[in-house]
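With mmCIF, C-alpha atoms inside, this is entry.cif:
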```
data_final
loop_
_atom_site.label_atom_id
_atom_site.label_comp_id
_atom_site.auth_asym_id
_atom_site.auth_seq_id
_atom_site.Cartn_x
_atom_site.Cartn_y
_atom_site.Cartn_z
CA MET D 1 26.70 23.68 -60.71
CA SER D 2 28.62 24.93 -57.68
CA SER D 3 27.57 23.87 -54.20
CA VAL D 4 28.74 25.67 -51.09
CA HIS D 5 28.21 23.85 -47.80
CA VAL D 6 27.27 25.82 -44.69
CA ASP D 7 28.63 23.69 -41.86
CA LEU D 8 26.38 24.02 -38.81
CA GLY D 9 26.24 20.46 -37.56
CA GLU D 10 22.70 19.08 -37.61
CA ARG D 11 21.49 22.32 -39.22
CA SER D 12 23.99 22.29 -42.08
CA TYR D 13 22.74 22.98 -45.59
CA ASP D 14 23.88 23.58 -49.15
CA VAL D 15 23.81 26.72 -51.26
CA LEU D 16 23.48 25.79 -54.93
CA VAL D 17 24.84 28.32 -57.43
CA ALA D 18 24.06 27.81 -61.12
CA ALA D 19 21.86 28.89 -64.00
CA ASN D 20 18.38 27.43 -64.47
CA LEU D 21 17.96 26.04 -60.96
CA ILE D 22 14.35 27.18 -60.53
CA PRO D 23 12.88 24.63 -62.99
CA ASN D 24 14.50 21.90 -60.88
CA LEU D 25 13.55 23.30 -57.47
CA GLY D 26 11.25 20.41 -56.58
CA ARG D 27 13.87 17.83 -57.45
CA HIS D 28 16.50 19.55 -55.30
CA MET D 29 14.05 19.78 -52.39
CA ALA D 30 12.96 16.15 -52.67
CA ALA D 31 16.60 15.03 -52.56
CA ARG D 32 17.14 16.77 -49.23
CA MET D 33 13.85 16.72 -47.33
CA ASP D 34 10.49 15.02 -47.09
CA ALA D 35 8.34 17.66 -48.76
CA ARG D 36 4.65 17.16 -49.53
CA ARG D 37 3.24 20.67 -49.18
CA ALA D 38 4.79 24.09 -49.49
CA ALA D 39 3.85 27.75 -49.26
CA ILE D 40 5.53 30.02 -51.78
CA ILE D 41 6.00 33.53 -50.38
CA THR D 42 6.96 36.12 -52.98
CA ASP D 43 6.30 39.71 -54.01
CA GLU D 44 4.25 40.99 -56.91
CA ASN D 45 7.22 41.75 -59.16
CA VAL D 46 9.03 38.44 -58.67
CA GLY D 47 5.76 36.52 -58.73
CA ARG D 48 4.95 37.73 -62.23
CA LEU D 49 8.20 36.23 -63.47
CA TYR D 50 8.75 33.10 -61.40
CA LEU D 51 5.61 32.01 -59.57
CA ASP D 52 4.39 29.79 -62.40
CA PRO D 53 7.79 28.11 -62.98
CA VAL D 54 8.13 27.42 -59.24
CA ARG D 55 4.61 26.00 -59.02
CA GLN D 56 5.39 23.74 -61.99
CA ALA D 57 8.72 22.63 -60.51
CA LEU D 58 6.98 21.67 -57.27
CA SER D 59 4.19 19.89 -59.11
CA ASP D 60 6.76 17.89 -61.09
CA ALA D 61 8.08 16.63 -57.74
CA GLU D 62 4.55 15.92 -56.48
CA ILE D 63 4.65 18.78 -53.96
CA ASP D 64 1.37 20.66 -53.50
CA SER D 65 1.69 24.40 -53.07
CA VAL D 66 -0.13 27.56 -52.09
CA GLU D 67 1.18 31.07 -52.61
CA ILE D 68 1.25 34.25 -50.56
CA VAL D 69 2.07 37.43 -52.49
CA VAL D 70 3.12 40.67 -50.80
CA ALA D 71 3.91 44.14 -52.08
CA PRO D 72 7.49 44.72 -53.25
CA GLY D 73 9.87 46.85 -51.20
CA GLU D 74 11.05 47.36 -47.62
CA ALA D 75 7.56 48.45 -46.51
CA SER D 76 6.58 44.76 -46.52
CA LYS D 77 9.08 44.06 -43.74
CA SER D 78 6.51 45.19 -41.18
CA PHE D 79 4.45 43.80 -38.33
CA SER D 80 1.26 44.11 -40.37
CA THR D 81 2.60 42.15 -43.35
CA LEU D 82 4.19 39.56 -41.07
CA GLU D 83 0.84 39.02 -39.33
CA ARG D 84 -0.92 38.61 -42.66
CA VAL D 85 1.65 36.07 -43.88
CA VAL D 86 1.51 34.01 -40.68
CA ARG D 87 -2.28 33.97 -40.66
CA GLU D 88 -2.38 32.87 -44.29
CA LEU D 89 0.03 30.03 -43.49
CA LEU D 90 -2.28 28.95 -40.67
CA ALA D 91 -5.42 29.38 -42.78
CA ALA D 92 -3.91 27.12 -45.43
CA ARG D 93 -3.41 24.53 -42.69
CA LEU D 94 0.29 24.24 -43.39
CA GLU D 95 1.84 21.91 -40.84
CA ARG D 96 5.13 22.20 -39.02
CA SER D 97 6.69 19.60 -41.32
CA ASP D 98 5.67 21.55 -44.44
CA ILE D 99 7.96 23.95 -46.28
CA VAL D 100 8.04 27.74 -46.54
CA ILE D 101 9.69 28.84 -49.78
CA ALA D 102 11.04 32.39 -49.88
CA LEU D 103 11.01 33.33 -53.57
CA GLY D 104 12.60 36.71 -54.14
CA GLY D 105 15.21 39.12 -52.89
CA GLY D 106 16.29 40.19 -49.46
CA VAL D 107 12.95 41.63 -48.33
CA VAL D 108 11.02 38.46 -49.13
CA GLY D 109 13.78 36.28 -47.70
CA ASP D 110 13.84 38.18 -44.40
CA LEU D 111 10.05 38.32 -44.11
CA ALA D 112 9.35 34.73 -45.15
CA GLY D 113 12.23 33.44 -43.04
CA PHE D 114 10.88 35.17 -39.94
CA ALA D 115 7.38 33.85 -40.64
CA ALA D 116 8.81 30.32 -40.97
CA ALA D 117 10.71 30.75 -37.70
CA ILE D 118 7.65 31.69 -35.64
CA THR D 119 4.78 29.82 -37.31
CA ARG D 120 4.05 26.63 -35.38
CA ARG D 121 7.34 27.37 -33.55
CA GLY D 122 9.35 26.66 -36.66
CA MET D 123 8.64 25.35 -40.16
CA SER D 124 11.24 24.27 -42.71
CA LEU D 125 12.57 27.06 -44.90
CA VAL D 126 13.94 27.06 -48.45
CA GLN D 127 15.45 30.25 -49.86
CA VAL D 128 15.14 30.77 -53.64
CA ALA D 129 17.14 33.96 -54.10
CA THR D 130 16.39 35.97 -57.23
CA SER D 131 18.45 39.12 -56.56
CA LEU D 132 22.22 39.47 -56.42
CA LEU D 133 22.04 40.83 -52.88
CA ALA D 134 20.01 37.84 -51.71
CA GLN D 135 22.21 35.34 -53.53
CA VAL D 136 25.48 36.54 -52.03
CA ASP D 137 24.31 37.65 -48.61
CA SER D 138 20.82 37.72 -47.12
CA SER D 139 19.67 34.20 -48.10
CA VAL D 140 22.67 32.62 -46.36
CA GLY D 141 23.27 32.59 -42.63
CA GLY D 142 19.82 32.52 -41.07
CA LYS D 143 19.21 36.17 -40.27
CA THR D 144 15.49 36.93 -40.61
CA GLY D 145 13.42 39.87 -39.48
CA ILE D 146 11.35 42.96 -40.06
CA ASN D 147 11.89 46.72 -39.74
CA THR D 148 10.40 49.15 -37.24
CA PRO D 149 10.44 52.97 -37.07
CA GLU D 150 13.25 52.61 -34.53
CA GLY D 151 15.53 50.85 -37.01
CA LYS D 152 16.18 48.16 -39.56
CA ASN D 153 15.92 44.45 -38.68
CA LEU D 154 15.49 45.13 -34.97
CA VAL D 155 12.80 42.43 -34.67
CA GLY D 156 13.70 38.98 -35.94
CA ALA D 157 15.31 35.62 -35.30
CA PHE D 158 18.27 33.50 -36.34
CA PHE D 159 16.65 30.71 -38.36
CA GLN D 160 18.64 28.66 -40.83
CA PRO D 161 17.15 27.42 -44.13
CA ARG D 162 17.25 23.80 -45.20
CA LEU D 163 18.41 24.71 -48.72
CA VAL D 164 19.36 27.83 -50.69
CA LEU D 165 19.13 28.16 -54.47
CA ALA D 166 21.00 31.00 -56.18
CA ASP D 167 19.70 30.79 -59.74
CA THR D 168 22.05 33.05 -61.67
CA SER D 169 19.62 33.12 -64.63
CA ALA D 170 17.24 35.20 -62.49
CA LEU D 171 19.77 38.02 -62.48
CA ASP D 172 19.11 38.56 -66.20
CA THR D 173 15.71 40.02 -65.29
CA LEU D 174 16.98 42.13 -62.40
CA PRO D 175 16.69 45.92 -62.84
CA PRO D 176 20.12 47.56 -63.19
CA ARG D 177 19.68 49.50 -59.95
CA GLU D 178 19.01 46.30 -58.01
CA PHE D 179 22.04 44.58 -59.53
CA ARG D 180 24.29 47.51 -58.63
CA ALA D 181 22.93 47.47 -55.08
CA GLY D 182 23.68 43.76 -54.76
CA TYR D 183 27.21 44.32 -55.99
CA ALA D 184 27.91 46.40 -52.89
CA GLU D 185 27.61 43.22 -50.83
CA VAL D 186 29.98 41.41 -53.21
CA ALA D 187 32.60 44.13 -52.79
CA LYS D 188 32.11 43.91 -49.02
CA TYR D 189 33.64 40.42 -48.88
CA GLY D 190 36.85 41.70 -50.39
CA LEU D 191 36.97 44.69 -48.08
CA ILE D 192 36.47 42.62 -44.94
CA ASP D 193 39.37 40.17 -45.14
CA ASP D 194 40.22 39.27 -48.73
CA ALA D 195 42.29 41.93 -50.46
CA ASP D 196 43.00 39.54 -53.33
CA PHE D 197 39.27 39.18 -54.02
CA PHE D 198 38.85 42.97 -54.01
CA SER D 199 41.71 43.27 -56.50
CA TRP D 200 40.06 40.56 -58.61
CA LEU D 201 36.83 42.57 -58.57
CA GLU D 202 38.68 45.69 -59.67
CA ASP D 203 39.95 43.72 -62.68
CA ASN D 204 36.69 41.85 -63.40
CA ARG D 205 33.86 44.19 -62.39
CA GLU D 206 32.77 44.82 -65.97
CA ALA D 207 32.62 41.08 -66.70
CA VAL D 208 30.57 40.51 -63.53
CA PHE D 209 28.08 43.14 -64.65
CA ALA D 210 28.02 41.76 -68.20
CA GLY D 211 26.99 38.31 -66.98
CA GLU D 212 30.12 36.56 -68.12
CA GLU D 213 31.74 33.62 -66.33
CA ALA D 214 33.12 36.08 -63.79
CA ARG D 215 29.61 36.66 -62.44
CA GLY D 216 29.22 33.08 -61.26
CA GLU D 217 32.72 33.15 -59.80
CA ALA D 218 31.98 36.34 -57.85
CA ILE D 219 28.78 34.83 -56.45
CA ARG D 220 30.47 31.56 -55.49
CA ARG D 221 33.36 33.30 -53.75
CA SER D 222 30.98 35.61 -51.89
CA VAL D 223 28.79 32.73 -50.71
CA ALA D 224 31.85 30.75 -49.63
CA ALA D 225 33.07 33.73 -47.61
CA LYS D 226 29.67 34.16 -45.95
CA ALA D 227 29.43 30.41 -45.20
CA ARG D 228 32.86 30.39 -43.59
CA VAL D 229 32.00 33.28 -41.27
CA VAL D 230 28.57 31.90 -40.35
CA ALA D 231 29.98 28.47 -39.54
CA ALA D 232 32.47 30.08 -37.15
CA ASP D 233 30.00 32.47 -35.45
CA GLU D 234 26.39 31.68 -36.24
CA ARG D 235 24.74 34.14 -33.83
CA GLU D 236 27.11 37.05 -34.22
CA ALA D 237 28.80 36.76 -30.85
CA GLY D 238 32.11 37.82 -32.37
CA THR D 239 33.64 37.79 -35.84
CA ARG D 240 30.34 37.56 -37.76
CA ALA D 241 29.86 41.24 -36.91
CA LEU D 242 32.50 41.94 -39.59
CA LEU D 243 29.81 41.17 -42.18
CA ASN D 244 28.20 44.43 -41.05
CA LEU D 245 30.91 46.57 -42.63
CA GLY D 246 29.10 49.72 -43.78
CA HIS D 247 25.80 48.65 -42.27
CA THR D 248 25.81 50.88 -39.18
CA PHE D 249 25.87 54.02 -41.30
CA GLY D 250 23.79 52.40 -44.07
CA HIS D 251 21.00 51.22 -41.77
CA ALA D 252 20.82 54.66 -40.15
CA LEU D 253 20.38 56.24 -43.58
CA GLU D 254 17.67 53.75 -44.55
CA ALA D 255 15.77 54.43 -41.33
CA ALA D 256 16.16 58.19 -41.75
CA CYS D 257 14.63 57.79 -45.24
CA ASN D 258 11.73 55.75 -43.79
CA TYR D 259 12.81 52.82 -46.01
CA ASP D 260 11.59 54.75 -49.06
CA ALA D 261 12.94 52.98 -52.16
CA SER D 262 12.51 56.15 -54.21
CA ARG D 263 15.34 57.56 -52.09
CA ILE D 264 17.56 54.62 -51.16
CA ILE D 265 17.61 50.82 -51.18
CA HIS D 266 19.64 48.57 -48.93
CA GLY D 267 22.68 47.93 -51.12
CA GLU D 268 23.01 51.65 -51.83
CA GLY D 269 23.00 52.29 -48.10
CA VAL D 270 25.69 49.65 -47.68
CA ALA D 271 27.82 51.26 -50.41
CA ILE D 272 27.58 54.69 -48.79
CA GLY D 273 28.18 53.10 -45.39
CA MET D 274 31.33 51.26 -46.52
CA ALA D 275 32.76 54.41 -48.04
CA MET D 276 31.90 56.31 -44.86
CA ALA D 277 33.43 53.61 -42.65
CA HIS D 278 36.71 53.92 -44.54
CA ARG D 279 36.65 57.72 -44.45
CA PHE D 280 35.90 57.60 -40.72
CA SER D 281 38.81 55.17 -40.30
CA VAL D 282 41.05 57.70 -42.05
CA GLN D 283 39.82 60.46 -39.76
CA GLN D 284 40.61 58.27 -36.76
CA GLY D 285 44.15 57.65 -37.99
CA LEU D 286 43.49 53.96 -38.63
CA CYS D 287 43.59 53.76 -42.41
CA ALA D 288 45.61 55.37 -45.20
CA PRO D 289 43.66 57.90 -47.31
CA GLU D 290 44.67 55.98 -50.43
CA ALA D 291 42.73 52.91 -49.28
CA ALA D 292 39.56 54.92 -48.68
CA GLU D 293 39.96 56.58 -52.08
CA ARG D 294 40.35 53.17 -53.71
CA VAL D 295 37.13 51.92 -52.08
CA GLU D 296 35.23 55.00 -53.17
CA ARG D 297 36.61 54.83 -56.71
CA HIS D 298 35.59 51.19 -57.16
CA LEU D 299 32.07 51.65 -55.81
CA ALA D 300 31.55 54.77 -57.91
CA ALA D 301 32.78 52.93 -61.02
CA ALA D 302 30.08 50.34 -60.32
CA GLY D 303 27.47 53.11 -60.33
CA LEU D 304 27.00 53.09 -56.56
CA PRO D 305 26.68 56.15 -54.29
CA THR D 306 29.44 56.87 -51.79
CA HIS D 307 28.17 60.01 -50.02
CA MET D 308 24.94 60.49 -48.10
CA ASN D 309 24.32 63.92 -49.63
CA SER D 310 23.71 62.17 -52.97
CA ILE D 311 20.47 60.69 -51.59
CA PRO D 312 17.44 62.56 -53.01
CA GLY D 313 15.99 64.97 -50.46
CA SER D 314 18.80 64.14 -48.06
CA GLY D 315 18.37 66.89 -45.44
CA PHE D 316 19.65 64.69 -42.62
CA SER D 317 20.76 65.98 -39.25
CA THR D 318 23.55 64.70 -37.04
CA SER D 319 21.17 64.13 -34.13
CA GLU D 320 18.73 62.15 -36.28
CA LEU D 321 21.47 59.85 -37.58
CA MET D 322 22.99 59.44 -34.12
CA ASP D 323 19.58 58.38 -32.76
CA HIS D 324 19.42 55.60 -35.36
CA ILE D 325 23.05 54.60 -34.81
CA ALA D 326 22.33 54.26 -31.08
CA GLN D 327 19.74 51.56 -31.99
CA ASP D 328 22.30 49.52 -33.91
CA LYS D 329 22.28 45.86 -32.91
CA LYS D 330 26.04 45.92 -32.20
CA VAL D 331 25.64 48.45 -29.39
CA LYS D 332 26.69 46.90 -26.05
CA ALA D 333 25.95 48.47 -22.67
CA GLY D 334 25.19 51.69 -24.51
CA ARG D 335 28.65 51.79 -26.14
CA LEU D 336 28.87 52.27 -29.90
CA THR D 337 30.50 49.52 -31.96
CA PHE D 338 31.56 50.04 -35.57
CA ILE D 339 33.24 47.89 -38.20
CA LEU D 340 36.23 49.99 -39.24
CA SER D 341 39.27 49.32 -41.42
CA ARG D 342 43.06 49.49 -41.37
CA GLY D 343 43.18 49.01 -45.14
CA ILE D 344 41.75 46.96 -48.01
CA GLY D 345 40.81 43.55 -46.57
CA GLU D 346 41.64 44.64 -43.03
CA ALA D 347 38.28 45.29 -41.38
CA PHE D 348 38.02 44.96 -37.60
CA ILE D 349 35.49 45.39 -34.80
CA ALA D 350 35.96 48.72 -33.02
CA GLU D 351 34.22 48.74 -29.65
CA ASP D 352 33.40 51.73 -27.46
CA VAL D 353 33.74 54.27 -30.26
CA ALA D 354 33.43 57.76 -28.80
CA PRO D 355 30.05 59.30 -29.78
CA HIS D 356 31.56 62.77 -30.16
CA SER D 357 33.99 61.46 -32.81
CA VAL D 358 31.07 60.02 -34.77
CA GLU D 359 29.12 63.27 -34.40
CA THR D 360 32.08 65.29 -35.65
CA PHE D 361 32.53 62.95 -38.61
CA LEU D 362 28.83 63.11 -39.52
CA ALA D 363 28.85 66.89 -39.31
CA ASP D 364 31.81 66.99 -41.70
CA GLU D 365 30.08 64.59 -44.08
CA LEU D 366 26.88 66.63 -44.06
CA ALA D 367 28.83 69.82 -44.74
CA ALA D 368 30.73 68.32 -47.68
CA GLU D 369 30.23 69.47 -51.24
CA PRO D 370 27.09 67.92 -52.83
CA ALA D 371 27.80 64.58 -54.52
CA PRO D 372 26.24 63.51 -57.83
CA ALA D 373 22.58 62.64 -57.26
CA LEU D 374 21.74 58.98 -56.75
CA GLN D 375 20.06 57.52 -59.83
CA THR D 376 16.88 55.83 -58.54
CA GLY D 377 14.80 55.50 -61.71
CA GLU D 378 16.22 52.26 -63.19
#
```

Representation of the structure as structure tokens:
Amino acid sequence: MSSVHVDLGERSYDVLVAANLIPNLGRHMAARMDARRAAIITDENVGRLYLDPVRQALSDAEIDSVEIVVAPGEASKSFSTLERVVRELLAARLERSDIVIALGGGVVGDLAGFAAAITRRGMSLVQVATSLLAQVDSSVGGKTGINTPEGKNLVGAFFQPRLVLADTSALDTLPPREFRAGYAEVAKYGLIDDADFFSWLEDNREAVFAGEEARGEAIRRSVAAKARVVAADEREAGTRALLNLGHTFGHALEAACNYDASRIIHGEGVAIGMAMAHRFSVQQGLCAPEAAERVERHLAAAGLPTHMNSIPGSGFSTSELMDHIAQDKKVKAGRLTFILSRGIGEAFIAEDVAPHSVETFLADELAAEPAPALQTGE
């Protein structure tokens, strides 16, 4: 078992990465916290697979539990679902010292984490990440929140977990589309500041997808990269913004699609966004075309989309996308901020990006030849 430590002083915690962690969840919790009662928050799909094993693992450690099950998908990251979850926590008479367990992928982790942050002004949180995206990114670092029509994750809180479990065995039951989407976040860590890791992924991508030893290594290296950035800048006052490579464009596309999973899911938006960020960097004279082509080639080889016109029913407009980009959380004093790149592993924070340059780039992207349609049925 690998353990990555997130160093945040009194709020430090471990991220455990290994196979078959879920059956030992209660033991790992009991070793790190005084847990007597817990609420398991999950979605219908994950619950069918892992709710019983989690209940049993908690029972084995003499931890009583209740469960709250929500619908799968981004639609559950809403005010209405958040209210329901919080009221069920209160109705179950969970106390502040009790534990909220987020069992699932990024949606459940964000929703349950936000509920834990605001219920009784803060309950303890344990993240049990069952998707690749959650294991390498969203379960680590304390970002929680919900979506609104104005944009993605615009309502939320920084709230660190007490423990994160990345059970790599859970990835064996992940739909191929969800695994591909999570891989976009893995590739992101190489593109930000670790060209050697990106080269390693180019050599080992097939082994990562096949579930060989390389998969665990990719997850561990991704978590270690995230932990390092979070420890240096917990609340995104500076360098943590680099973790948003591709997210400004990606979040705008998700919002423009009304978070409809039949059109796009988060990791696909990130993949398109990272490819767009590199193409935009080329257009701005910041990055060599060869680097952008290399990014696009690797993501496409992984089965990920790299152009927004591959999204089913795309039909976006420049003004619509600019409206969503203007709501991005990195905007300061009305000035647009993007994560751009000077090359593989050379991402940087570009402040005060001229809106007209973004509009011109988006217009060019929208006018480009149609890309292969995004495969959403797996």

### Message
Here's the selection I'm unsure about, the PyMOL selection byres ((chain D and resi 108) around 10); applied to the file above, which residues does it give, as a ChimeraX atom specification?
### Response
/D:41-43,46,69-74,76-77,101-107,109-114,127-129,134,139,144

### Task
Pick out the closest residue to D:Gln135 from this set: D:Val230, D:Met123, D:Leu16, D:Ile40. Count only C-alpha atoms.
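Of the candidates, the smallest distance to D:Gln135 is held by D:Leu16.
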
### Query
Which one of D:Ala231, D:Ala92, D:Val85, D:Ala18 sits closest to D:Arg37 if you count all atoms listed in the file?
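Using all atoms listed in the file, D:Arg37 sits closest to D:Ala92.
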
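Counting only C-alpha atoms, the residue from D:Met308, D:Leu8, D:Ala184, D:Ile344 that sits nearest to D:Phe249 is D:Met308.
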
### Query
Which residues come within 9 Å of stretch 365-377 of chain D, counting all atoms listed in the file, excluding same-chain residues fewer than 3 positions away, as a list in words?
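Neighbouring residues, sequence-local ones excluded: Arg177, Ala261, Ser262, Arg263, Ile264, Ile265, Glu268, Met276, Gly303, Leu304, Pro305, Thr306, His307, Met308, Asn309, Ser310, Ile311, Pro312, Gly315, Phe316, Ser317, Thr318, Thr360, Phe361 and Leu362 of chain D.
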
### Task
Might you pull out every residue within 7 Å of D:Gly151, with all atoms listed in the file counted and same-chain residues fewer than 5 positions away left off, and present them as a VMD selection string?
chain D and resid 255 324 327

### Query
Any idea what's packed within 8 Å of D:Ile349, counting all atoms listed in the file, ignoring anything in its chain fewer than 3 positions away? Could you give it as a PyMOL selection string?
chain D and resi 239+241-242+337-340

Determine the residue set returned by the PyMOL selection byres ((chain D and resi 201-203) around 10) for the present structure, and present it as a PDB file with C-alpha atoms, in the coordinates of the input.
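Once written, part31.pdb looks like this:
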```pdb
ATOM      1  CA  VAL D 186      29.980  41.410 -53.210  1.00  0.00           C
ATOM      2  CA  ALA D 187      32.600  44.130 -52.790  1.00  0.00           C
ATOM      3  CA  GLY D 190      36.850  41.700 -50.390  1.00  0.00           C
ATOM      4  CA  ALA D 195      42.290  41.930 -50.460  1.00  0.00           C
ATOM      5  CA  ASP D 196      43.000  39.540 -53.330  1.00  0.00           C
ATOM      6  CA  PHE D 197      39.270  39.180 -54.020  1.00  0.00           C
ATOM      7  CA  PHE D 198      38.850  42.970 -54.010  1.00  0.00           C
ATOM      8  CA  SER D 199      41.710  43.270 -56.500  1.00  0.00           C
ATOM      9  CA  TRP D 200      40.060  40.560 -58.610  1.00  0.00           C
ATOM     10  CA  ASN D 204      36.690  41.850 -63.400  1.00  0.00           C
ATOM     11  CA  ARG D 205      33.860  44.190 -62.390  1.00  0.00           C
ATOM     12  CA  GLU D 206      32.770  44.820 -65.970  1.00  0.00           C
ATOM     13  CA  ALA D 207      32.620  41.080 -66.700  1.00  0.00           C
ATOM     14  CA  VAL D 208      30.570  40.510 -63.530  1.00  0.00           C
ATOM     15  CA  ALA D 214      33.120  36.080 -63.790  1.00  0.00           C
ATOM     16  CA  ALA D 218      31.980  36.340 -57.850  1.00  0.00           C
ATOM     17  CA  ARG D 294      40.350  53.170 -53.710  1.00  0.00           C
ATOM     18  CA  VAL D 295      37.130  51.920 -52.080  1.00  0.00           C
ATOM     19  CA  ARG D 297      36.610  54.830 -56.710  1.00  0.00           C
ATOM     20  CA  HIS D 298      35.590  51.190 -57.160  1.00  0.00           C
ATOM     21  CA  LEU D 299      32.070  51.650 -55.810  1.00  0.00           C
ATOM     22  CA  ALA D 301      32.780  52.930 -61.020  1.00  0.00           C
ATOM     23  CA  ALA D 302      30.080  50.340 -60.320  1.00  0.00           C
TER      24      ALA D 302
END
```

Mind dumping a table of every stretch 141-185 of chain D residue within 10 Å of stretch 221-224 of chain D, with the nearest atom pair and its distance in Å to one decimal, using all atoms listed in the file, sorted by chain and rising number, as JSON lines?
```
{"residue": "D:Gly141", "atom": "CA", "partner": "D:Val223", "partner_atom": "CA", "distance": 9.8}
{"residue": "D:Ala166", "atom": "CA", "partner": "D:Val223", "partner_atom": "CA", "distance": 9.7}
{"residue": "D:Glu185", "atom": "CA", "partner": "D:Ser222", "partner_atom": "CA", "distance": 8.4}
```

### Query
Got a sec to resolve the PyMOL selection byres ((chain D and resi 97) around 9) on this structure and send the residues as a ChimeraX atom specification?
/D:34-37,94-96,98-99,122-124

### Task
For stretch 279-292 of chain D, work out the shell of residues within 6 Å, counting all atoms listed in the file and skipping chain neighbours fewer than 6 positions away, then give it as number ranges by chain.
D: 340-343

### Message
Nearest residue to D:Glu254 out of D:Leu51, D:Ala75, D:Val4, D:Ala170, using only C-alpha atoms?
### Response
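Closest candidate: D:Ala75.
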
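Closest approach to D:Ala157 among D:Asp194, D:Glu236, D:Glu212, D:Glu44: D:Glu236, based on only C-alpha atoms.
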
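With atom CA of D:Ser131 on one side and atom CA of D:Leu49 on the other, the separation reads 12.7 Å.
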
### Message
Just checking: using all atoms listed in the file, which residue out of D:Asp52, D:Ser12, D:Asp60, D:Glu67 ends up closest to D:Ala39?
### Response
D:Glu67

### Task
Kindly provide, as a ChimeraX atom specification, the polymer residues lying within 6 Å of (31.0, 28.6, -57.8), counting only C-alpha atoms and using the coordinates exactly as they appear in the file.
/D:2,216-217,220

Could you write out that same residue set with C-alpha atoms as a PDB file, in the coordinates of the input?
```pdb
ATOM      1  CA  SER D   2      28.620  24.930 -57.680  1.00  0.00           C
ATOM      2  CA  GLY D 216      29.220  33.080 -61.260  1.00  0.00           C
ATOM      3  CA  GLU D 217      32.720  33.150 -59.800  1.00  0.00           C
ATOM      4  CA  ARG D 220      30.470  31.560 -55.490  1.00  0.00           C
TER       5      ARG D 220
END
```
